[in-house]
Amino acid sequence: MGEVRTRFAPSPTGFMHIGNLRTALYEYLIARSQGGKFILRIEDTDQERYVEGAMDVVYDTLKATGISYDEGPGVGGDYGPYIQSERRGIYMEYARQLIEKGAAYYCFCTKERLDSLRESEGASFTYDRHCLSLTKEEVERNLAEGKPFVIRQKVPREGRTTFTDVVYGDITVDNDTLDDQILIKSDGMPTYNFANVVDDHLMKITHVVRGNEYLSSTPKYNILYQSFGWDIPVYIHLPSIMKDAHNKLSKRNGDASFQDLVKKGYLPEAILNYIALLGWSPGGTREFYTLKELEEDFTIEGLNKSPSIFDTEKLKWMNAEYIRKLSPEDFTALARPYIEEALGNSACDIGKISALIQQRTEILTDIPDKISFFRELPEYSSEIYCHKKMKTDREISLRALKLTRDLILRNDELEHEWTSPKLYEAFCLLASENEMKNSQILWPVRTALSGREVSPGGATELAEILGRGETMKRIEAGISKLEKELEG
RNA sequence: GGCUCCUUGGUCAAGCGGCUAAGACACCGCCCUCUCACGGCGGAAACACGGGUUCGAUUCCCGUAGGAGUCACCA
């Protein structure tokens, strides 16, 4: 057994969606886990679907996730070029070989004829081999006249074809269900099915890994390999990733692409980790893997055959785990833009806020909303001063806020050491001096400072970040708000 | 519709003839706690159905049902 070689062969038609990324990941892992090579090949044989910039999306995504390729556009290799549109001459040459062997033929049928045929035959349409009966002379004449043509594969009508897939096992189909598929299109470009076989052979790909939507066209691949007399690669078809029980994840529906997820505040490492486990299992209960660790532990046997649903909730959880494990510095670096967005020109300490929210952040884009109250006290209903479990209501809160204000005013120790622990100590003392529960001081203060039912951090943590002046201002605001309401 | 594939809790999944059928997410409850979050403890929740094979089937075989894929000069 020689060196394992796999390839990722995306067509640059849009965004890199999660299914594509996972396919690339598995292809990469299958090669790496066996000390093999991973190749990138761009399949741009459909000029109509070409999207400007789509190739960069592929390169950028692979780079962002750390999936590196040994051969491919930009890095070179012995079997290039690695962009199919630059290889068009090659395919025609191999197609002609097939014609000589009697395994393919020219077809001059017009699209119109095919369409009407299809219409009359319905869903079970296969090409009627109209052009197979053309004599050599007729073909030559048509060619000489410059009639547009395609080249079709001549699939045997008799017998059955069996191929072996590593995850799905042996699959057998009757040959008469197979169509004489087009190999070379009228524009001279190969179809995916043909280019794939030719390139995989020429590039010495040993393991063909792809989505299982190709399962039903694989018999035709096999016949092609046999016609050429080439070795058949190991097939590994992957189950699809679903959006829900009935629909695949697709970019058409605006479902998550890798870049969308990153934009939403998911970390590339978390995304990669999550999708590695969507369709593959290490066998045990381990859930956290870096790319490197996957390279060591990945086995083809762990591949699943049934489709799996992409669960944003679990991804979120995993992302949160990754965020929590970040060093404070790394988290601050990632969170900084979101914090600044929420803070505007307020003077709050970004490092302190960052420390407050790291444990509480699932995805980065959640940040601004969580901390926007630091910049400006939001409008809020005095209803939130009432809390049964905290044993507080508007009256108690008003009293608590007044006591707190007076404490701050008279306690100059606090003025010099305005820190959360110090404040906490002082507030608790204040509570016991007045025969109140801690919560009866802390809840009203936290409420007055945040204007929210929930906030990251408690009363004293918020106070420290807000600073003495702003804290006083907000407490005063709370007092007058409550006074006004209790009078009226 | 033909052909092919798939089927363990709501979701991801372990299991590869004998188990009280793991674990994780989500959910619920309790605890911790200056709210929330984190953390800890506990709970509810699954082998699609029917036949075989076998001493014994979640596991093997055959049907049924449900789902998916595919039947393009798209990949």
# chains A, B, ... in the order shown; residues from 1 in each chain; ligands from 1
>>> interface_residues(of="chain A", to="chain B", cutoff="6 Å", atoms="only C-alpha atoms (C1' of nucleotides)", output="list in words")
Lys185, Tyr192, Glu213, Ser216, Thr285, Ser306, Lys314, Arg360, Leu442, Val454, Ser455, Gly458 and Ala459 of chain A
>>> residues_around(residues="A:Tyr322", least_positions_apart="2", cutoff="8 Å", atoms="only C-alpha atoms (C1' of nucleotides)", output="number ranges by chain")
A: 267, 269-270, 318-320, 324-326
>>> write_last_selection(atoms="all heavy atoms", output="PDB file, in the first residue's frame")
ATOM      1  N   LEU A 267     -15.856  30.832  17.264  1.00  0.00           N
ATOM      2  CA  LEU A 267     -14.432  30.679  17.032  1.00  0.00           C
ATOM      3  C   LEU A 267     -14.186  29.546  16.037  1.00  0.00           C
ATOM      4  O   LEU A 267     -14.807  28.484  16.150  1.00  0.00           O
ATOM      5  CB  LEU A 267     -13.700  30.355  18.336  1.00  0.00           C
ATOM      6  CG  LEU A 267     -14.008  31.251  19.542  1.00  0.00           C
ATOM      7  CD1 LEU A 267     -13.079  30.891  20.710  1.00  0.00           C
ATOM      8  CD2 LEU A 267     -13.858  32.723  19.193  1.00  0.00           C
ATOM      9  N   GLU A 269     -11.926  27.369  15.839  1.00  0.00           N
ATOM     10  CA  GLU A 269     -11.558  26.117  16.500  1.00  0.00           C
ATOM     11  C   GLU A 269     -12.797  25.382  17.003  1.00  0.00           C
ATOM     12  O   GLU A 269     -12.878  24.156  16.950  1.00  0.00           O
ATOM     13  CB  GLU A 269     -10.641  26.366  17.704  1.00  0.00           C
ATOM     14  CG  GLU A 269      -9.337  27.070  17.401  1.00  0.00           C
ATOM     15  CD  GLU A 269      -9.510  28.563  17.184  1.00  0.00           C
ATOM     16  OE1 GLU A 269     -10.481  29.148  17.707  1.00  0.00           O
ATOM     17  OE2 GLU A 269      -8.688  29.163  16.471  1.00  0.00           O
ATOM     18  N   ALA A 270     -13.744  26.161  17.529  1.00  0.00           N
ATOM     19  CA  ALA A 270     -14.965  25.553  18.060  1.00  0.00           C
ATOM     20  C   ALA A 270     -15.816  24.996  16.922  1.00  0.00           C
ATOM     21  O   ALA A 270     -16.374  23.903  17.027  1.00  0.00           O
ATOM     22  CB  ALA A 270     -15.761  26.579  18.864  1.00  0.00           C
ATOM     23  N   MET A 318     -20.429  24.563  22.834  1.00  0.00           N
ATOM     24  CA  MET A 318     -19.021  24.256  22.610  1.00  0.00           C
ATOM     25  C   MET A 318     -18.212  25.534  22.435  1.00  0.00           C
ATOM     26  O   MET A 318     -17.101  25.662  22.945  1.00  0.00           O
ATOM     27  CB  MET A 318     -18.874  23.348  21.395  1.00  0.00           C
ATOM     28  CG  MET A 318     -17.443  22.903  21.182  1.00  0.00           C
ATOM     29  SD  MET A 318     -17.316  21.477  20.091  1.00  0.00           S
ATOM     30  CE  MET A 318     -17.474  20.119  21.239  1.00  0.00           C
ATOM     31  N   ASN A 319     -18.796  26.479  21.732  1.00  0.00           N
ATOM     32  CA  ASN A 319     -18.128  27.760  21.551  1.00  0.00           C
ATOM     33  C   ASN A 319     -17.886  28.436  22.904  1.00  0.00           C
ATOM     34  O   ASN A 319     -16.815  28.973  23.160  1.00  0.00           O
ATOM     35  CB  ASN A 319     -18.979  28.659  20.652  1.00  0.00           C
ATOM     36  CG  ASN A 319     -18.184  29.789  20.049  1.00  0.00           C
ATOM     37  OD1 ASN A 319     -17.214  29.566  19.341  1.00  0.00           O
ATOM     38  ND2 ASN A 319     -18.571  31.017  20.366  1.00  0.00           N
ATOM     39  N   ALA A 320     -18.909  28.371  23.761  1.00  0.00           N
ATOM     40  CA  ALA A 320     -18.776  28.960  25.095  1.00  0.00           C
ATOM     41  C   ALA A 320     -17.644  28.285  25.863  1.00  0.00           C
ATOM     42  O   ALA A 320     -16.876  28.938  26.565  1.00  0.00           O
ATOM     43  CB  ALA A 320     -20.088  28.822  25.860  1.00  0.00           C
ATOM     44  N   ARG A 324     -14.405  30.171  27.373  1.00  0.00           N
ATOM     45  CA  ARG A 324     -14.029  30.124  28.782  1.00  0.00           C
ATOM     46  C   ARG A 324     -12.588  29.671  28.972  1.00  0.00           C
ATOM     47  O   ARG A 324     -11.929  30.062  29.920  1.00  0.00           O
ATOM     48  CB  ARG A 324     -14.952  29.165  29.546  1.00  0.00           C
ATOM     49  CG  ARG A 324     -16.320  29.754  29.767  1.00  0.00           C
ATOM     50  CD  ARG A 324     -17.181  28.828  30.596  1.00  0.00           C
ATOM     51  NE  ARG A 324     -18.583  29.110  30.298  1.00  0.00           N
ATOM     52  CZ  ARG A 324     -19.403  28.282  29.678  1.00  0.00           C
ATOM     53  NH1 ARG A 324     -18.988  27.085  29.297  1.00  0.00           N
ATOM     54  NH2 ARG A 324     -20.644  28.627  29.427  1.00  0.00           N
ATOM     55  N   LYS A 325     -12.152  28.826  28.071  1.00  0.00           N
ATOM     56  CA  LYS A 325     -10.789  28.303  28.218  1.00  0.00           C
ATOM     57  C   LYS A 325      -9.717  29.273  27.729  1.00  0.00           C
ATOM     58  O   LYS A 325      -8.532  29.032  27.931  1.00  0.00           O
ATOM     59  CB  LYS A 325     -10.675  26.961  27.482  1.00  0.00           C
ATOM     60  CG  LYS A 325     -11.228  25.805  28.299  1.00  0.00           C
ATOM     61  CD  LYS A 325     -10.961  24.468  27.653  1.00  0.00           C
ATOM     62  CE  LYS A 325     -12.071  24.112  26.696  1.00  0.00           C
ATOM     63  NZ  LYS A 325     -12.108  22.721  26.246  1.00  0.00           N
ATOM     64  N   LEU A 326     -10.151  30.330  27.093  1.00  0.00           N
ATOM     65  CA  LEU A 326      -9.195  31.321  26.606  1.00  0.00           C
ATOM     66  C   LEU A 326      -8.500  32.014  27.783  1.00  0.00           C
ATOM     67  O   LEU A 326      -9.094  32.187  28.842  1.00  0.00           O
ATOM     68  CB  LEU A 326      -9.961  32.385  25.816  1.00  0.00           C
ATOM     69  CG  LEU A 326      -9.911  32.494  24.300  1.00  0.00           C
ATOM     70  CD1 LEU A 326      -9.516  31.207  23.611  1.00  0.00           C
ATOM     71  CD2 LEU A 326     -11.207  33.031  23.751  1.00  0.00           C
TER      72      LEU A 326
END
>>> residues_around(residues="A:Ala54", least_positions_apart="6", cutoff="9 Å", atoms="only C-alpha atoms (C1' of nucleotides)", output="list of chain:residue names")
A:Ser11, A:Pro12, A:Thr13, A:Gly14, A:Phe15, A:Met16
>>> write_last_selection(atoms="N, CA, C and O atoms", output="PDB file, in the first residue's frame")
ATOM      1  N   SER A  11     -16.028  23.409  -5.918  1.00  0.00           N
ATOM      2  CA  SER A  11     -16.222  24.267  -7.082  1.00  0.00           C
ATOM      3  C   SER A  11     -16.523  25.664  -6.564  1.00  0.00           C
ATOM      4  O   SER A  11     -17.311  25.838  -5.648  1.00  0.00           O
ATOM      5  N   PRO A  12     -15.862  26.616  -7.108  1.00  0.00           N
ATOM      6  CA  PRO A  12     -15.964  27.986  -6.591  1.00  0.00           C
ATOM      7  C   PRO A  12     -17.258  28.650  -7.021  1.00  0.00           C
ATOM      8  O   PRO A  12     -17.280  29.487  -7.899  1.00  0.00           O
ATOM      9  N   THR A  13     -18.338  28.265  -6.407  1.00  0.00           N
ATOM     10  CA  THR A  13     -19.636  28.789  -6.833  1.00  0.00           C
ATOM     11  C   THR A  13     -20.317  29.607  -5.761  1.00  0.00           C
ATOM     12  O   THR A  13     -21.491  29.920  -5.875  1.00  0.00           O
ATOM     13  N   GLY A  14     -19.627  29.915  -4.702  1.00  0.00           N
ATOM     14  CA  GLY A  14     -20.287  30.709  -3.680  1.00  0.00           C
ATOM     15  C   GLY A  14     -19.551  30.605  -2.367  1.00  0.00           C
ATOM     16  O   GLY A  14     -18.340  30.741  -2.334  1.00  0.00           O
ATOM     17  N   PHE A  15     -20.294  30.339  -1.327  1.00  0.00           N
ATOM     18  CA  PHE A  15     -19.673  30.294  -0.024  1.00  0.00           C
ATOM     19  C   PHE A  15     -19.280  28.884   0.374  1.00  0.00           C
ATOM     20  O   PHE A  15     -19.721  27.913  -0.185  1.00  0.00           O
ATOM     21  N   MET A  16     -18.452  28.838   1.340  1.00  0.00           N
ATOM     22  CA  MET A  16     -18.013  27.556   1.874  1.00  0.00           C
ATOM     23  C   MET A  16     -19.006  27.191   2.955  1.00  0.00           C
ATOM     24  O   MET A  16     -19.000  27.784   4.030  1.00  0.00           O
TER      25      MET A  16
END
>>> atom_distance(atom1="atom CA of A:Cys107", atom2="atom CA of A:Val139")
8.7 Å
>>> closest_residue(among="A:Arg375, A:Lys370, A:Lys316, A:Lys251", to="A:Leu343", atoms="only C-alpha atoms")
A:Arg375
>>> residues_around(residues="A:Pro233", least_positions_apart="6", cutoff="7 Å", atoms="only C-alpha atoms (C1' of nucleotides)", output="list of chain:residue names")
A:Thr206, A:His207, A:Val208
>>> atom_distance(atom1="atom CA of A:Tyr94", atom2="atom CA of A:Phe228")
8.8 Å
>>> decode(residues="stretch 258-368 of chain A", atoms="C-alpha atoms", output="mmCIF file, in the first residue's frame")
data_model
loop_
_atom_site.group_PDB
_atom_site.id
_atom_site.type_symbol
_atom_site.label_atom_id
_atom_site.label_comp_id
_atom_site.auth_asym_id
_atom_site.auth_seq_id
_atom_site.Cartn_x
_atom_site.Cartn_y
_atom_site.Cartn_z
ATOM 1 C CA PHE A 258 -18.358 29.062 7.898
ATOM 2 C CA GLN A 259 -17.888 32.779 7.428
ATOM 3 C CA ASP A 260 -21.407 33.517 8.664
ATOM 4 C CA LEU A 261 -20.668 31.644 11.844
ATOM 5 C CA VAL A 262 -17.409 33.464 12.355
ATOM 6 C CA LYS A 263 -19.202 36.719 11.764
ATOM 7 C CA LYS A 264 -21.727 35.743 14.404
ATOM 8 C CA GLY A 265 -18.950 35.307 16.904
ATOM 9 C CA TYR A 266 -18.087 31.646 16.778
ATOM 10 C CA LEU A 267 -14.432 30.679 17.032
ATOM 11 C CA PRO A 268 -12.988 28.710 14.106
ATOM 12 C CA GLU A 269 -11.558 26.117 16.500
ATOM 13 C CA ALA A 270 -14.965 25.553 18.060
ATOM 14 C CA ILE A 271 -16.683 25.276 14.696
ATOM 15 C CA LEU A 272 -14.122 22.791 13.499
ATOM 16 C CA ASN A 273 -14.353 20.762 16.686
ATOM 17 C CA TYR A 274 -18.104 20.683 16.493
ATOM 18 C CA ILE A 275 -18.376 19.604 12.876
ATOM 19 C CA ALA A 276 -15.668 16.985 13.337
ATOM 20 C CA LEU A 277 -18.112 15.255 15.659
ATOM 21 C CA LEU A 278 -21.036 15.600 13.276
ATOM 22 C CA GLY A 279 -20.760 12.296 11.497
ATOM 23 C CA TRP A 280 -17.684 10.972 13.189
ATOM 24 C CA SER A 281 -17.129 9.624 16.666
ATOM 25 C CA PRO A 282 -13.927 8.633 18.398
ATOM 26 C CA GLY A 283 -15.833 5.788 20.032
ATOM 27 C CA GLY A 284 -15.530 7.075 23.567
ATOM 28 C CA THR A 285 -16.969 10.066 25.304
ATOM 29 C CA ARG A 286 -14.330 12.639 24.480
ATOM 30 C CA GLU A 287 -15.662 15.788 22.889
ATOM 31 C CA PHE A 288 -12.850 18.266 22.759
ATOM 32 C CA TYR A 289 -10.290 18.053 20.022
ATOM 33 C CA THR A 290 -7.834 20.379 18.444
ATOM 34 C CA LEU A 291 -7.018 19.824 14.795
ATOM 35 C CA LYS A 292 -3.721 18.266 15.813
ATOM 36 C CA GLU A 293 -5.436 15.874 18.184
ATOM 37 C CA LEU A 294 -7.900 14.909 15.485
ATOM 38 C CA GLU A 295 -5.014 14.112 13.183
ATOM 39 C CA GLU A 296 -3.808 11.624 15.752
ATOM 40 C CA ASP A 297 -7.118 10.077 16.758
ATOM 41 C CA PHE A 298 -9.090 10.058 13.550
ATOM 42 C CA THR A 299 -10.145 6.701 12.190
ATOM 43 C CA ILE A 300 -12.256 5.903 9.164
ATOM 44 C CA GLU A 301 -14.142 3.337 11.239
ATOM 45 C CA GLY A 302 -15.570 6.124 13.357
ATOM 46 C CA LEU A 303 -17.447 7.541 10.391
ATOM 47 C CA ASN A 304 -21.212 7.422 10.649
ATOM 48 C CA LYS A 305 -23.606 6.519 7.874
ATOM 49 C CA SER A 306 -26.776 8.291 8.876
ATOM 50 C CA PRO A 307 -27.349 11.998 8.385
ATOM 51 C CA SER A 308 -27.012 14.364 11.300
ATOM 52 C CA ILE A 309 -28.735 17.584 12.124
ATOM 53 C CA PHE A 310 -26.666 20.680 12.661
ATOM 54 C CA ASP A 311 -27.520 21.777 16.181
ATOM 55 C CA THR A 312 -26.777 25.416 16.817
ATOM 56 C CA GLU A 313 -27.435 24.973 20.528
ATOM 57 C CA LYS A 314 -24.680 22.477 20.935
ATOM 58 C CA LEU A 315 -22.318 24.518 18.804
ATOM 59 C CA LYS A 316 -23.073 27.459 21.057
ATOM 60 C CA TRP A 317 -22.257 25.447 24.109
ATOM 61 C CA MET A 318 -19.021 24.256 22.610
ATOM 62 C CA ASN A 319 -18.128 27.760 21.551
ATOM 63 C CA ALA A 320 -18.776 28.960 25.095
ATOM 64 C CA GLU A 321 -16.456 26.264 26.383
ATOM 65 C CA TYR A 322 -13.735 27.436 24.035
ATOM 66 C CA ILE A 323 -14.264 31.013 25.105
ATOM 67 C CA ARG A 324 -14.029 30.124 28.782
ATOM 68 C CA LYS A 325 -10.789 28.303 28.218
ATOM 69 C CA LEU A 326 -9.195 31.321 26.606
ATOM 70 C CA SER A 327 -6.617 33.230 28.611
ATOM 71 C CA PRO A 328 -7.981 36.577 29.840
ATOM 72 C CA GLU A 329 -5.653 38.342 27.420
ATOM 73 C CA ASP A 330 -6.774 36.319 24.453
ATOM 74 C CA PHE A 331 -10.396 36.784 25.327
ATOM 75 C CA THR A 332 -9.988 40.519 25.720
ATOM 76 C CA ALA A 333 -8.340 40.691 22.342
ATOM 77 C CA LEU A 334 -11.275 38.906 20.732
ATOM 78 C CA ALA A 335 -13.923 40.751 22.705
ATOM 79 C CA ARG A 336 -12.418 44.218 22.439
ATOM 80 C CA PRO A 337 -14.204 45.297 19.251
ATOM 81 C CA TYR A 338 -17.548 44.183 20.619
ATOM 82 C CA ILE A 339 -16.927 45.866 23.952
ATOM 83 C CA GLU A 340 -15.872 49.083 22.303
ATOM 84 C CA GLU A 341 -18.920 48.992 20.118
ATOM 85 C CA ALA A 342 -21.148 48.865 23.199
ATOM 86 C CA LEU A 343 -19.186 51.311 25.291
ATOM 87 C CA GLY A 344 -18.735 54.116 22.823
ATOM 88 C CA ASN A 345 -16.788 56.867 24.486
ATOM 89 C CA SER A 346 -17.587 55.890 28.058
ATOM 90 C CA ALA A 347 -14.549 55.594 30.260
ATOM 91 C CA CYS A 348 -15.161 52.106 31.645
ATOM 92 C CA ASP A 349 -12.206 49.784 31.942
ATOM 93 C CA ILE A 350 -12.270 47.328 29.091
ATOM 94 C CA GLY A 351 -10.138 44.782 30.889
ATOM 95 C CA LYS A 352 -12.473 44.673 33.855
ATOM 96 C CA ILE A 353 -15.555 44.347 31.709
ATOM 97 C CA SER A 354 -13.854 41.668 29.723
ATOM 98 C CA ALA A 355 -13.145 39.721 32.901
ATOM 99 C CA LEU A 356 -16.759 40.066 33.909
ATOM 100 C CA ILE A 357 -18.200 38.679 30.710
ATOM 101 C CA GLN A 358 -15.782 35.962 29.692
ATOM 102 C CA GLN A 359 -17.602 33.255 31.657
ATOM 103 C CA ARG A 360 -20.893 34.600 30.457
ATOM 104 C CA THR A 361 -20.237 34.784 26.743
ATOM 105 C CA GLU A 362 -21.441 32.078 24.401
ATOM 106 C CA ILE A 363 -20.848 33.889 21.163
ATOM 107 C CA LEU A 364 -18.988 37.144 20.667
ATOM 108 C CA THR A 365 -21.926 38.981 19.169
ATOM 109 C CA ASP A 366 -23.823 38.572 22.424
ATOM 110 C CA ILE A 367 -21.427 40.956 24.099
ATOM 111 C CA PRO A 368 -22.699 44.413 23.182
#
